[in-house]
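The structure appears below as structure tokens.
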Amino acid sequence: MAFAFRRLLSVSTLIFFASLAVVAQTETVYVTRTGTKYHRASCRSLAKSSIPISLSEAAGRYGPCSICRPPLPGASSTPAATASERS
Ligand SMILES: [Zn+2]
């Protein structure tokens, strides 16, 4: 009985951490129907339409918006470094 319980616990812990990893990797960004850029949810460019899309998918088909500077795939979130790049 005790063994079964411990096994159940470890499996649920594994699922918990796996779901955390999925959330971290599938960050959601937004695109518009006609635009060629992807955006953060708070971007003012999304006034007309906002279509949620995963970051990895957006990065393959769209460029990052220069106004809201959405996250880049694979890169850790260091907005200060990218912000000072083009001034
Ligand atoms: Zn934007």
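In the structure tokens, chains take the letters A, B, ... in the order shown, each chain's residues start at 1, and ligands count up from 1 in the order shown.
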
So which residues touch Arg61 of chain A within 10 Å, counting only C-alpha atoms, skipping near sequence neighbours fewer than 5 positions away, as a ChimeraX atom specification? /A:36-38,56

Using only C-alpha atoms and all ligand atoms, find each protein or nucleic acid residue lying at most 12 Å from ligand 1; present the set as a JSON list (two decimals) with N, CA and C atoms, in the first residue's frame.
```json
[["chain", "number", "residue", "atom", "x", "y", "z"],
["A", 29, "VAL", "N", 1.81, 34.60, -27.95],
["A", 29, "VAL", "CA", 1.89, 35.97, -28.45],
["A", 29, "VAL", "C", 0.68, 36.19, -29.36],
["A", 30, "TYR", "N", 0.55, 37.37, -29.91],
["A", 30, "TYR", "CA", -0.65, 37.69, -30.68],
["A", 30, "TYR", "C", -0.30, 38.27, -32.04],
["A", 31, "VAL", "N", -1.07, 37.88, -33.04],
["A", 31, "VAL", "CA", -0.89, 38.44, -34.37],
["A", 31, "VAL", "C", -2.22, 39.05, -34.81],
["A", 32, "THR", "N", -2.15, 39.87, -35.84],
["A", 32, "THR", "CA", -3.37, 40.44, -36.41],
["A", 32, "THR", "C", -3.67, 39.73, -37.73],
["A", 35, "GLY", "N", -1.45, 41.76, -40.34],
["A", 35, "GLY", "CA", -0.10, 42.19, -39.99],
["A", 35, "GLY", "C", 0.95, 41.14, -40.25],
["A", 36, "THR", "N", 2.19, 41.58, -40.21],
["A", 36, "THR", "CA", 3.31, 40.65, -40.41],
["A", 36, "THR", "C", 4.18, 40.54, -39.15],
["A", 37, "LYS", "N", 3.69, 41.14, -38.07],
["A", 37, "LYS", "CA", 4.43, 41.12, -36.81],
["A", 37, "LYS", "C", 3.63, 40.41, -35.74],
["A", 38, "TYR", "N", 4.35, 39.86, -34.76],
["A", 38, "TYR", "CA", 3.64, 39.31, -33.60],
["A", 38, "TYR", "C", 3.87, 40.21, -32.38],
["A", 39, "HIS", "N", 2.92, 40.15, -31.45],
["A", 39, "HIS", "CA", 2.86, 41.15, -30.39],
["A", 39, "HIS", "C", 2.62, 40.54, -29.02],
["A", 40, "ARG", "N", 2.93, 41.35, -28.00],
["A", 40, "ARG", "CA", 2.48, 41.04, -26.67],
["A", 40, "ARG", "C", 0.99, 41.37, -26.58],
["A", 41, "ALA", "N", 0.32, 40.78, -25.57],
["A", 41, "ALA", "CA", -1.12, 40.99, -25.42],
["A", 41, "ALA", "C", -1.47, 42.45, -25.20],
["A", 42, "SER", "N", -0.56, 43.20, -24.63],
["A", 42, "SER", "CA", -0.85, 44.59, -24.26],
["A", 42, "SER", "C", -0.55, 45.59, -25.38],
["A", 43, "CYS", "N", -0.11, 45.11, -26.54],
["A", 43, "CYS", "CA", 0.31, 46.03, -27.59],
["A", 43, "CYS", "C", -0.89, 46.77, -28.20],
["A", 44, "ARG", "N", -0.69, 48.05, -28.50],
["A", 44, "ARG", "CA", -1.79, 48.85, -29.05],
["A", 44, "ARG", "C", -2.07, 48.49, -30.51],
["A", 45, "SER", "N", -1.17, 47.80, -31.16],
["A", 45, "SER", "CA", -1.40, 47.37, -32.53],
["A", 45, "SER", "C", -2.49, 46.31, -32.63],
["A", 46, "LEU", "N", -2.89, 45.75, -31.51],
["A", 46, "LEU", "CA", -3.89, 44.69, -31.51],
["A", 46, "LEU", "C", -5.31, 45.23, -31.37],
["A", 47, "ALA", "N", -5.49, 46.52, -31.60],
["A", 47, "ALA", "CA", -6.80, 47.12, -31.43],
["A", 47, "ALA", "C", -7.84, 46.53, -32.39],
["A", 49, "SER", "N", -7.57, 43.51, -34.36],
["A", 49, "SER", "CA", -7.75, 42.07, -34.20],
["A", 49, "SER", "C", -6.56, 41.51, -33.44],
["A", 50, "SER", "N", -6.80, 40.49, -32.67],
["A", 50, "SER", "CA", -5.70, 39.82, -31.97],
["A", 50, "SER", "C", -5.96, 38.32, -31.99],
["A", 62, "TYR", "N", 6.18, 35.28, -38.52],
["A", 62, "TYR", "CA", 6.06, 36.71, -38.28],
["A", 62, "TYR", "C", 7.35, 37.25, -37.68],
["A", 63, "GLY", "N", 7.52, 38.55, -37.76],
["A", 63, "GLY", "CA", 8.63, 39.20, -37.09],
["A", 63, "GLY", "C", 8.16, 39.82, -35.79],
["A", 64, "PRO", "N", 9.06, 40.04, -34.86],
["A", 64, "PRO", "CA", 8.67, 40.66, -33.60],
["A", 64, "PRO", "C", 8.33, 42.13, -33.79],
["A", 65, "CYS", "N", 7.29, 42.58, -33.12],
["A", 65, "CYS", "CA", 6.88, 43.98, -33.19],
["A", 65, "CYS", "C", 7.93, 44.88, -32.55],
["A", 66, "SER", "N", 8.16, 46.03, -33.17],
["A", 66, "SER", "CA", 9.16, 46.95, -32.62],
["A", 66, "SER", "C", 8.58, 47.85, -31.54],
["A", 67, "ILE", "N", 7.26, 47.86, -31.42],
["A", 67, "ILE", "CA", 6.62, 48.70, -30.41],
["A", 67, "ILE", "C", 6.59, 47.99, -29.05],
["A", 68, "CYS", "N", 6.07, 46.78, -29.03],
["A", 68, "CYS", "CA", 5.90, 46.09, -27.75],
["A", 68, "CYS", "C", 7.04, 45.13, -27.45],
["A", 69, "ARG", "N", 7.91, 44.89, -28.41],
["A", 69, "ARG", "CA", 9.05, 44.00, -28.25],
["A", 69, "ARG", "C", 8.67, 42.68, -27.58],
["A", 70, "PRO", "N", 7.97, 41.82, -28.29],
["A", 70, "PRO", "CA", 7.59, 40.53, -27.74],
["A", 70, "PRO", "C", 8.81, 39.64, -27.54],
["A", 71, "PRO", "N", 8.68, 38.60, -26.73],
["A", 71, "PRO", "CA", 9.81, 37.71, -26.47],
["A", 71, "PRO", "C", 10.26, 36.99, -27.73]]
```

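Minimum atom-to-atom distance to Thr28 of chain A, evaluated using only C-alpha atoms, belongs to A:Leu72 out of A:Leu72, A:Leu9, A:Ala4, A:Leu14.
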
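Relative to atom CA of Thr34 of chain A, atom CA of Ala58 of chain A is found at 13.7 Å.
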
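With only C-alpha atoms as the basis for measurement, A:Thr26 is the residue among A:Ser10, A:Phe5, A:Gly74, A:Thr26 that approaches Glu57 of chain A most closely.
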